[in-house]
Every structure is written in C-alpha cells, then in structure tokens.
Amino acid sequence: MKNTLLLAFSLVATQAFGQAAFPPPPPKVSPAVGVIDMHTHTHPDVFGRNMDDIDLATLAKARGMRGIVIKNHISETASRAALTMKAVPGIEVFGGIVLNNAVGGINPAAVEWMHRFYGSRGKVVWLPTFESDKHVKTFGKPTDKGITVAPNGQVSPEMEAILKIIARENLLLATGHVHPEEVLAVIKRGRELGVKNMLVTHGLTNVPGLTMAQAKQVADMGAVIEVCFLQFQAGPNAPLAFLTHWTQINAKHVAQAVKEFGAKGLVVSSDLGQSSNMVHPDGIEAAIGAMKREGISDGDIDVMMRKNPARLLGLN
C-alpha cells in the first residue's frame with residue numbers, strides 16, 4: 001500500500017513539474033552558494049524596501065551565500081552589519097557609507113568615524129549617489145547641480161583626503177553615481193595614492209554611463225566594473241515604474257564585457273531590495289541563469305560573484 005501511494009505521488013509530481021504553467025522544482029543546491037552580494041538594500045531605510053537586514057542575512061544564509069554588503073543612501077551601515085552578524089552567525093555581513101548630503105557630502109570625518117565602528121564591518125565608501133551632479137542632471141534638469149568629486153577632471157581636496165583614508169585603512173572605494181570623467185579621475189588618483197580595492201558602481205548603465213572603452217580604461221587601472229541584476233530589469237518595459245528611467249544592462253552586456261576585459265574586471269551583484277521587487281537571493285539565482293544562457297562559463301561566474309567580491313572585501 002505504501003509503495004503504491006509513493007508511486008502515485010511520484011506520477012502526480014512528475015506530471016505537475018512537466019507542465020509549462022507551473023514553476024520548476026527548486027534546485028537541490030542553490031546556484032547562489034558561496035556568492036557575495038556586493039550591493040543590497042534593506043530596511044531600516046527612507047525608501048521602500050522588501051525586507052530588513054536580519055531577514056536578508058537569514059535568507060542568504062539559507063541559500064548558502066557567503067555574504068552580503070548592506071548599502072543605504074543616507075546613513076552608515078557599518079553598525080547595522082555588526083549587529084546583523086551577531087543575530088545571524090555564519091554569514092559575512094559588511095556595510096559602509098554613501099557620501100550624500102545626509103553625512104556631509106564629501107566629508108573625510110564621516111569616513112574616518114565609519115570605519116572605526118564596533119565590529120569592524122564598515123568596509124565600503126560609496127561616492128555620492130542620488131545627490132551627485134551626474135544623477136540630478138540625468139533624472140532632473142540639465143541646470144540642476146549636485147555633489148561633485150572631481151570638477152573639471154581634478155580630484156577635490158576633500159576627495160583626496162578621503163582617498164588617503166581608504167588607502168590607509170584598506171577600505172573599498174565604490175564610485176557611486178558620479179560623472180564618467182569623475183570616475184576616471186578618482187580611480188586614477190586612488191591608484192596613485194595606494195587604494196588597492198576600487199569598484200565602479202553599476203558602471204555601464206546610464207548613471208554613471210561609462211562607455212565600454214572607458215570601462216576597459218578603468219579596469220586597466222585596477223578597478224572592477226559592477227553590473228547589477230536590477231539593471232537586467234530596467235528599460236521602457238520595466239515591471240517597476242522607477243526602472244523605466246534607467247538603461248537596461250543585461251547578461252548579453254556582461255558577456256560582451258567578459259570578452260572585452262575579462263571576468264577579473266567584473267562583479268555581478270543584485271542591487272535589489274525595492275518594495276514589490278524580487279528578493280535578493282532570487283535575483284542572484286536569476287542573474288546566474290541568464291548569464292549561463294548567454295554562454296558565460298561557470299568559471300567566469302565564480303570569478304565575478306565569489307572570488308572578486310571576496311578579494312575586494314579582504315576575505316580569503
């Protein structure tokens with residue numbers, strides 16, 4: 001009787017999974033195992049988010065992910081990362097600071113204090129995002145003015161001071177939403193000052209909007225170009241209204257970039273966490289699936305989503 005019931009269940013399950021109207025069964029091992037998501041958004045925040053820090057760490061750990069980096073546009077996340085690691089042991093959680101006006105803009109003191117937070121989880125210094133000059137001119141009016149870090153291609157004294165702190169403490173510089181020429185100037189000066197780890201935030205979409213040639217140029221200077229799964233969803237037909245203002249950069253662009261300057265020059269992260277959007281580990285799994293369909297090898301995916309993030313964060 002028992003064997004008959006098992007056989008009947010097996011037949012029903014096989015029929016269900018074989019139907020196009022149903023999702024496939026979950027993989028026995030998530031493709032996200034070992035991945036470090038370098039770009040996540042969570043609550044507490046002023047923008048709508050679909051989960052908080054502890055929710056995300058718990059879910060990412062359950063999928064076998066190695067770590068997450070928490071980003072917030074208006075406040076430091078080093079303290080939150082330390083508390084999250086205490087609440088959810090067994091996963092690496094890092095934070096940092098975004099240099100928007102809420103923390104004083106291009107403010108060396110804010111960076112100096114951020115990296116000293118209890119737990120030593122403050123690792124990333126993002127340049128201005130939604131208040132950068134590039135961002136406000138792109139999504140506002142051409143006459144709008146935002147924060148700059150290298151006007152006329154010359155790194156400002158405050159930015160130089162921050163680069164020296166990043167070099168001294170072996171932090172990770174992430175370029176935020178600044179102009180492409182500012183990205184080039186800051187990466188060049190950072191390299192001269194001894195900054196070892198530099199990441200160009202979603203470099204190929206319209207903010208900041210690097211050309212492939214510029215991306216190769218900064219990669220040649222030792223920086224890594226980030227591509228986010230969130231931009232896979234962008235464009236005029238995007239499911240969320242705010243994403244219609246962003247240029248779609250998808251797995252085909254990743255494949256092109258791998259050919260142009262190699263997987264060692266790329267990181268693929270999620271940039272997820274928005275209300276009504278998919279959760280971060282689902283996005284990581286979807287990104288991996290899309291890249292494999294474009295012919296990107298498991299080895300290159302491993303470099304872009306495991307090895308490069310680990311190196312940038314100072315992990316073994």
# chains A, B, ... in the order shown; residues from 1 in each chain; ligands from 1

$ residues_around --residues "range 220-224 of chain A" --least-positions-apart "2" --cutoff "10 Å" --atoms "only C-alpha atoms" --output "MDAnalysis selection string"
chainID A and resid 173:174 184 187:188 190:192 195:201 203 214:218 226:227 261 263:267 304 308:309 312

$ select_by_dssp --residues "range 53-193 of chain A" --states "alpha helix (DSSP H)" --output "PyMOL selection string"
chain A and resi 53-62+78-87+108-114+133-139+157-169+180-193

$ select_by_dssp --residues "range 178-237 of chain A" --states "strand (DSSP E or B)" --output "NGL selection string"
:A and (197-200 or 224-228)

$ residues_around --residues "Val155 in chain A" --least-positions-apart "4" --cutoff "8 Å" --atoms "only C-alpha atoms" --output "list in words"
Val149, Ala150, Pro151, Met159, Glu160, Glu182, Ala185, Val186 and Arg189 of chain A

$ write_last_selection --atoms "N, CA, C and O atoms" --output "PDB file, in the first residue's frame"
ATOM      1  N   VAL A 149      32.952  65.371  -7.208  1.00  0.00           N
ATOM      2  CA  VAL A 149      34.146  64.873  -6.519  1.00  0.00           C
ATOM      3  C   VAL A 149      35.423  65.206  -7.279  1.00  0.00           C
ATOM      4  O   VAL A 149      36.513  65.204  -6.694  1.00  0.00           O
ATOM      5  N   ALA A 150      35.280  65.509  -8.568  1.00  0.00           N
ATOM      6  CA  ALA A 150      36.450  65.836  -9.386  1.00  0.00           C
ATOM      7  C   ALA A 150      36.037  66.807 -10.478  1.00  0.00           C
ATOM      8  O   ALA A 150      36.021  66.464 -11.671  1.00  0.00           O
ATOM      9  N   PRO A 151      35.685  68.054 -10.095  1.00  0.00           N
ATOM     10  CA  PRO A 151      35.278  69.030 -11.107  1.00  0.00           C
ATOM     11  C   PRO A 151      36.392  69.298 -12.114  1.00  0.00           C
ATOM     12  O   PRO A 151      37.570  69.400 -11.733  1.00  0.00           O
ATOM     13  N   MET A 159      38.038  65.073  -1.515  1.00  0.00           N
ATOM     14  CA  MET A 159      38.045  63.738  -2.095  1.00  0.00           C
ATOM     15  C   MET A 159      39.427  63.108  -1.943  1.00  0.00           C
ATOM     16  O   MET A 159      39.548  61.909  -1.656  1.00  0.00           O
ATOM     17  N   GLU A 160      40.450  63.902  -2.124  1.00  0.00           N
ATOM     18  CA  GLU A 160      41.820  63.400  -1.949  1.00  0.00           C
ATOM     19  C   GLU A 160      42.038  62.908  -0.518  1.00  0.00           C
ATOM     20  O   GLU A 160      42.642  61.852  -0.294  1.00  0.00           O
ATOM     21  N   GLU A 182      34.610  61.880 -13.791  1.00  0.00           N
ATOM     22  CA  GLU A 182      34.976  61.866 -12.379  1.00  0.00           C
ATOM     23  C   GLU A 182      35.404  60.464 -11.944  1.00  0.00           C
ATOM     24  O   GLU A 182      36.335  60.313 -11.146  1.00  0.00           O
ATOM     25  N   ALA A 185      38.944  60.091 -13.083  1.00  0.00           N
ATOM     26  CA  ALA A 185      39.868  60.904 -12.290  1.00  0.00           C
ATOM     27  C   ALA A 185      40.096  60.313 -10.903  1.00  0.00           C
ATOM     28  O   ALA A 185      41.231  60.253 -10.411  1.00  0.00           O
ATOM     29  N   VAL A 186      39.017  59.872 -10.261  1.00  0.00           N
ATOM     30  CA  VAL A 186      39.127  59.333  -8.901  1.00  0.00           C
ATOM     31  C   VAL A 186      39.859  57.992  -8.907  1.00  0.00           C
ATOM     32  O   VAL A 186      40.705  57.738  -8.030  1.00  0.00           O
ATOM     33  N   ARG A 189      43.589  58.762  -9.438  1.00  0.00           N
ATOM     34  CA  ARG A 189      44.225  59.330  -8.247  1.00  0.00           C
ATOM     35  C   ARG A 189      44.255  58.316  -7.100  1.00  0.00           C
ATOM     36  O   ARG A 189      45.238  58.253  -6.354  1.00  0.00           O
TER      37      ARG A 189
END

$ residues_around --residues "range 137-145 of chain A" --least-positions-apart "6" --cutoff "9 Å" --atoms "only C-alpha atoms" --output "list in words"
Glu131, Asn206, Val207 and His245 of chain A

$ residues_around --residues "Ile106 in chain A" --least-positions-apart "4" --cutoff "12 Å" --atoms "only C-alpha atoms" --output "mmCIF file with all heavy atoms, in the first residue's frame"
data_model
loop_
_atom_site.group_PDB
_atom_site.id
_atom_site.type_symbol
_atom_site.label_atom_id
_atom_site.label_comp_id
_atom_site.auth_asym_id
_atom_site.auth_seq_id
_atom_site.Cartn_x
_atom_site.Cartn_y
_atom_site.Cartn_z
ATOM 1 N N ILE A 97 29.463 53.505 3.917
ATOM 2 C CA ILE A 97 28.862 54.830 3.950
ATOM 3 C C ILE A 97 28.758 55.385 2.540
ATOM 4 O O ILE A 97 29.659 55.162 1.709
ATOM 5 C CB ILE A 97 29.691 55.784 4.845
ATOM 6 C CG1 ILE A 97 28.921 57.068 5.159
ATOM 7 C CG2 ILE A 97 31.061 56.082 4.238
ATOM 8 C CD1 ILE A 97 29.533 57.879 6.284
ATOM 9 N N VAL A 98 27.644 56.061 2.254
ATOM 10 C CA VAL A 98 27.439 56.738 0.971
ATOM 11 C C VAL A 98 27.577 58.237 1.215
ATOM 12 O O VAL A 98 26.932 58.787 2.104
ATOM 13 C CB VAL A 98 26.052 56.422 0.385
ATOM 14 C CG1 VAL A 98 25.867 57.121 -0.960
ATOM 15 C CG2 VAL A 98 25.865 54.912 0.218
ATOM 16 N N LEU A 99 28.398 58.901 0.415
ATOM 17 C CA LEU A 99 28.748 60.300 0.690
ATOM 18 C C LEU A 99 27.744 61.288 0.095
ATOM 19 O O LEU A 99 28.094 62.178 -0.681
ATOM 20 C CB LEU A 99 30.171 60.575 0.197
ATOM 21 C CG LEU A 99 31.249 59.718 0.866
ATOM 22 C CD1 LEU A 99 32.617 60.024 0.281
ATOM 23 C CD2 LEU A 99 31.255 59.897 2.376
ATOM 24 N N ASN A 100 26.476 61.132 0.488
ATOM 25 C CA ASN A 100 25.446 62.104 0.154
ATOM 26 C C ASN A 100 25.370 63.176 1.237
ATOM 27 O O ASN A 100 26.102 63.137 2.235
ATOM 28 C CB ASN A 100 24.100 61.394 -0.012
ATOM 29 C CG ASN A 100 24.009 60.629 -1.327
ATOM 30 O OD1 ASN A 100 24.496 61.095 -2.364
ATOM 31 N ND2 ASN A 100 23.395 59.461 -1.300
ATOM 32 N N ASN A 101 24.468 64.133 1.067
ATOM 33 C CA ASN A 101 24.413 65.294 1.964
ATOM 34 C C ASN A 101 24.084 64.940 3.415
ATOM 35 O O ASN A 101 24.478 65.660 4.335
ATOM 36 C CB ASN A 101 23.405 66.311 1.437
ATOM 37 C CG ASN A 101 23.934 67.082 0.237
ATOM 38 O OD1 ASN A 101 25.103 67.480 0.205
ATOM 39 N ND2 ASN A 101 23.095 67.284 -0.765
ATOM 40 N N ALA A 102 23.370 63.839 3.637
ATOM 41 C CA ALA A 102 22.986 63.469 4.996
ATOM 42 C C ALA A 102 24.192 63.217 5.894
ATOM 43 O O ALA A 102 24.097 63.369 7.115
ATOM 44 C CB ALA A 102 22.080 62.235 4.979
ATOM 45 N N ALA A 110 33.370 61.813 8.201
ATOM 46 C CA ALA A 110 32.355 60.762 8.184
ATOM 47 C C ALA A 110 32.980 59.412 7.845
ATOM 48 O O ALA A 110 32.622 58.382 8.430
ATOM 49 C CB ALA A 110 31.260 61.108 7.185
ATOM 50 N N VAL A 111 33.922 59.403 6.918
ATOM 51 C CA VAL A 111 34.607 58.161 6.551
ATOM 52 C C VAL A 111 35.498 57.689 7.691
ATOM 53 O O VAL A 111 35.540 56.498 8.031
ATOM 54 C CB VAL A 111 35.432 58.362 5.265
ATOM 55 C CG1 VAL A 111 36.218 57.091 4.916
ATOM 56 C CG2 VAL A 111 34.527 58.752 4.099
ATOM 57 N N GLU A 112 36.194 58.644 8.312
ATOM 58 C CA GLU A 112 37.091 58.301 9.413
ATOM 59 C C GLU A 112 36.352 57.626 10.563
ATOM 60 O O GLU A 112 36.798 56.630 11.131
ATOM 61 C CB GLU A 112 37.794 59.562 9.913
ATOM 62 C CG GLU A 112 38.933 59.315 10.882
ATOM 63 C CD GLU A 112 40.135 58.635 10.232
ATOM 64 O OE1 GLU A 112 40.881 59.309 9.492
ATOM 65 O OE2 GLU A 112 40.322 57.422 10.478
ATOM 66 N N VAL A 125 33.204 52.621 0.883
ATOM 67 C CA VAL A 125 32.936 54.061 0.790
ATOM 68 C C VAL A 125 32.394 54.321 -0.602
ATOM 69 O O VAL A 125 33.130 54.244 -1.596
ATOM 70 C CB VAL A 125 34.207 54.890 1.038
ATOM 71 C CG1 VAL A 125 33.896 56.384 0.906
ATOM 72 C CG2 VAL A 125 34.797 54.577 2.414
ATOM 73 N N TRP A 126 31.077 54.587 -0.665
ATOM 74 C CA TRP A 126 30.459 54.913 -1.951
ATOM 75 C C TRP A 126 30.480 56.425 -2.150
ATOM 76 O O TRP A 126 30.135 57.200 -1.238
ATOM 77 C CB TRP A 126 28.998 54.457 -1.972
ATOM 78 C CG TRP A 126 28.757 52.993 -2.079
ATOM 79 C CD1 TRP A 126 28.712 52.227 -3.208
ATOM 80 C CD2 TRP A 126 28.466 52.081 -0.990
ATOM 81 N NE1 TRP A 126 28.423 50.919 -2.895
ATOM 82 C CE2 TRP A 126 28.262 50.805 -1.546
ATOM 83 C CE3 TRP A 126 28.360 52.243 0.408
ATOM 84 C CZ2 TRP A 126 27.964 49.683 -0.768
ATOM 85 C CZ3 TRP A 126 28.068 51.136 1.176
ATOM 86 C CH2 TRP A 126 27.880 49.878 0.601
ATOM 87 N N LEU A 127 30.846 56.861 -3.321
ATOM 88 C CA LEU A 127 30.745 58.279 -3.668
ATOM 89 C C LEU A 127 29.260 58.623 -3.809
ATOM 90 O O LEU A 127 28.405 57.741 -3.795
ATOM 91 C CB LEU A 127 31.527 58.550 -4.951
ATOM 92 C CG LEU A 127 33.028 58.212 -4.892
ATOM 93 C CD1 LEU A 127 33.744 58.712 -6.145
ATOM 94 C CD2 LEU A 127 33.691 58.756 -3.638
ATOM 95 N N PRO A 128 28.917 59.923 -3.918
ATOM 96 C CA PRO A 128 27.502 60.326 -3.914
ATOM 97 C C PRO A 128 26.665 59.557 -4.927
ATOM 98 O O PRO A 128 27.135 59.213 -6.015
ATOM 99 C CB PRO A 128 27.562 61.814 -4.252
ATOM 100 C CG PRO A 128 28.908 62.249 -3.779
ATOM 101 C CD PRO A 128 29.823 61.088 -4.031
ATOM 102 N N THR A 129 25.423 59.314 -4.541
ATOM 103 C CA THR A 129 24.502 58.573 -5.408
ATOM 104 C C THR A 129 23.405 59.512 -5.908
ATOM 105 O O THR A 129 23.628 60.283 -6.833
ATOM 106 C CB THR A 129 23.935 57.341 -4.675
ATOM 107 O OG1 THR A 129 23.321 57.751 -3.445
ATOM 108 C CG2 THR A 129 25.029 56.338 -4.391
ATOM 109 N N GLU A 131 22.320 62.252 -5.005
ATOM 110 C CA GLU A 131 22.593 63.688 -4.923
ATOM 111 C C GLU A 131 23.846 64.094 -5.689
ATOM 112 O O GLU A 131 24.293 65.239 -5.595
ATOM 113 C CB GLU A 131 22.689 64.115 -3.455
ATOM 114 C CG GLU A 131 21.332 64.031 -2.750
ATOM 115 C CD GLU A 131 21.386 64.377 -1.282
ATOM 116 O OE1 GLU A 131 22.306 63.917 -0.578
ATOM 117 O OE2 GLU A 131 20.492 65.113 -0.820
ATOM 118 N N SER A 132 24.410 63.168 -6.455
ATOM 119 C CA SER A 132 25.568 63.514 -7.284
ATOM 120 C C SER A 132 25.138 64.409 -8.446
ATOM 121 O O SER A 132 23.977 64.405 -8.866
ATOM 122 C CB SER A 132 26.232 62.256 -7.834
ATOM 123 O OG SER A 132 25.449 61.714 -8.885
ATOM 124 N N GLY A 146 24.485 69.099 -8.444
ATOM 125 C CA GLY A 146 24.650 68.161 -7.350
ATOM 126 C C GLY A 146 26.080 68.131 -6.866
ATOM 127 O O GLY A 146 26.902 68.981 -7.214
ATOM 128 N N ILE A 147 26.383 67.127 -6.076
ATOM 129 C CA ILE A 147 27.716 66.995 -5.480
ATOM 130 C C ILE A 147 28.708 66.518 -6.541
ATOM 131 O O ILE A 147 28.425 65.595 -7.306
ATOM 132 C CB ILE A 147 27.696 66.003 -4.312
ATOM 133 C CG1 ILE A 147 26.648 66.401 -3.269
ATOM 134 C CG2 ILE A 147 29.073 65.901 -3.656
ATOM 135 C CD1 ILE A 147 26.408 65.337 -2.208
ATOM 136 N N THR A 148 29.867 67.131 -6.554
ATOM 137 C CA THR A 148 30.949 66.696 -7.442
ATOM 138 C C THR A 148 32.143 66.232 -6.614
ATOM 139 O O THR A 148 32.312 66.634 -5.459
ATOM 140 C CB THR A 148 31.403 67.826 -8.384
ATOM 141 O OG1 THR A 148 31.856 68.939 -7.598
ATOM 142 C CG2 THR A 148 30.263 68.289 -9.289
ATOM 143 N N VAL A 149 32.952 65.371 -7.208
ATOM 144 C CA VAL A 149 34.146 64.873 -6.519
ATOM 145 C C VAL A 149 35.423 65.206 -7.279
ATOM 146 O O VAL A 149 36.513 65.204 -6.694
ATOM 147 C CB VAL A 149 34.065 63.350 -6.308
ATOM 148 C CG1 VAL A 149 32.907 62.997 -5.403
ATOM 149 C CG2 VAL A 149 33.969 62.599 -7.630
ATOM 150 N N ALA A 150 35.280 65.509 -8.568
ATOM 151 C CA ALA A 150 36.450 65.836 -9.386
ATOM 152 C C ALA A 150 36.037 66.807 -10.478
ATOM 153 O O ALA A 150 36.021 66.464 -11.671
ATOM 154 C CB ALA A 150 37.062 64.576 -9.985
ATOM 155 N N VAL A 155 40.580 65.940 -8.948
ATOM 156 C CA VAL A 155 40.054 65.470 -7.666
ATOM 157 C C VAL A 155 40.110 66.594 -6.637
ATOM 158 O O VAL A 155 41.140 67.245 -6.470
ATOM 159 C CB VAL A 155 40.851 64.242 -7.182
ATOM 160 C CG1 VAL A 155 40.482 63.872 -5.748
ATOM 161 C CG2 VAL A 155 40.627 63.060 -8.113
ATOM 162 N N SER A 156 38.982 66.826 -5.948
ATOM 163 C CA SER A 156 38.914 67.911 -4.960
ATOM 164 C C SER A 156 39.763 67.571 -3.739
ATOM 165 O O SER A 156 40.053 66.397 -3.469
ATOM 166 C CB SER A 156 37.462 68.128 -4.524
ATOM 167 O OG SER A 156 36.998 67.022 -3.764
ATOM 168 N N PRO A 157 40.182 68.579 -2.961
ATOM 169 C CA PRO A 157 40.978 68.317 -1.755
ATOM 170 C C PRO A 157 40.271 67.373 -0.782
ATOM 171 O O PRO A 157 40.911 66.506 -0.178
ATOM 172 C CB PRO A 157 41.174 69.712 -1.154
ATOM 173 C CG PRO A 157 41.056 70.652 -2.313
ATOM 174 C CD PRO A 157 40.039 70.038 -3.218
ATOM 175 N N GLU A 158 38.952 67.546 -0.612
ATOM 176 C CA GLU A 158 38.202 66.672 0.301
ATOM 177 C C GLU A 158 38.192 65.230 -0.211
ATOM 178 O O GLU A 158 38.337 64.281 0.564
ATOM 179 C CB GLU A 158 36.770 67.188 0.459
ATOM 180 C CG GLU A 158 36.639 68.538 1.138
ATOM 181 C CD GLU A 158 36.901 69.708 0.184
ATOM 182 O OE1 GLU A 158 37.013 69.468 -1.047
ATOM 183 O OE2 GLU A 158 36.991 70.844 0.673
ATOM 184 N N MET A 159 38.038 65.073 -1.515
ATOM 185 C CA MET A 159 38.045 63.738 -2.095
ATOM 186 C C MET A 159 39.427 63.108 -1.943
ATOM 187 O O MET A 159 39.548 61.909 -1.656
ATOM 188 C CB MET A 159 37.650 63.818 -3.575
ATOM 189 C CG MET A 159 37.465 62.453 -4.257
ATOM 190 S SD MET A 159 36.051 61.516 -3.629
ATOM 191 C CE MET A 159 36.865 60.111 -2.882
ATOM 192 N N GLU A 160 40.450 63.902 -2.124
ATOM 193 C CA GLU A 160 41.820 63.400 -1.949
ATOM 194 C C GLU A 160 42.038 62.908 -0.518
ATOM 195 O O GLU A 160 42.642 61.852 -0.294
ATOM 196 C CB GLU A 160 42.834 64.490 -2.294
ATOM 197 C CG GLU A 160 44.265 64.094 -2.035
ATOM 198 C CD GLU A 160 45.176 64.208 -3.245
ATOM 199 O OE1 GLU A 160 44.674 64.439 -4.359
ATOM 200 O OE2 GLU A 160 46.381 64.042 -3.063
ATOM 201 N N ALA A 161 41.533 63.671 0.453
ATOM 202 C CA ALA A 161 41.677 63.265 1.857
ATOM 203 C C ALA A 161 40.969 61.938 2.110
ATOM 204 O O ALA A 161 41.465 61.071 2.852
ATOM 205 C CB ALA A 161 41.122 64.355 2.770
ATOM 206 N N ILE A 162 39.803 61.752 1.492
ATOM 207 C CA ILE A 162 39.069 60.501 1.652
ATOM 208 C C ILE A 162 39.819 59.340 1.007
ATOM 209 O O ILE A 162 39.897 58.238 1.566
ATOM 210 C CB ILE A 162 37.648 60.654 1.068
ATOM 211 C CG1 ILE A 162 36.812 61.546 1.984
ATOM 212 C CG2 ILE A 162 36.977 59.288 0.884
ATOM 213 C CD1 ILE A 162 35.486 61.975 1.411
ATOM 214 N N LEU A 163 40.394 59.561 -0.149
ATOM 215 C CA LEU A 163 41.180 58.517 -0.811
ATOM 216 C C LEU A 163 42.351 58.086 0.066
ATOM 217 O O LEU A 163 42.689 56.886 0.121
ATOM 218 C CB LEU A 163 41.684 59.003 -2.171
ATOM 219 C CG LEU A 163 40.627 59.161 -3.268
ATOM 220 C CD1 LEU A 163 41.239 59.815 -4.505
ATOM 221 C CD2 LEU A 163 39.997 57.820 -3.627
#

$ residues_around --residues "range 38-51 of chain A" --least-positions-apart "5" --cutoff "9 Å" --atoms "only C-alpha atoms" --output "JSON, numbers by chain"
{"A": [56, 67, 68, 69, 70, 71, 72, 73, 74, 75, 94, 226, 228, 267, 268, 269, 270, 271, 272, 273, 274, 275, 276, 277, 278, 279, 280, 305, 309]}

$ closest_residue --among "A:Gly96, A:Met85, A:Pro26, A:Ile91" --to "Gly119 in chain A" --atoms "only C-alpha atoms"
A:Met85

$ atom_distance --atom1 "CA of His179 in chain A" --atom2 "CA of Gln154 in chain A"
12.4 Å
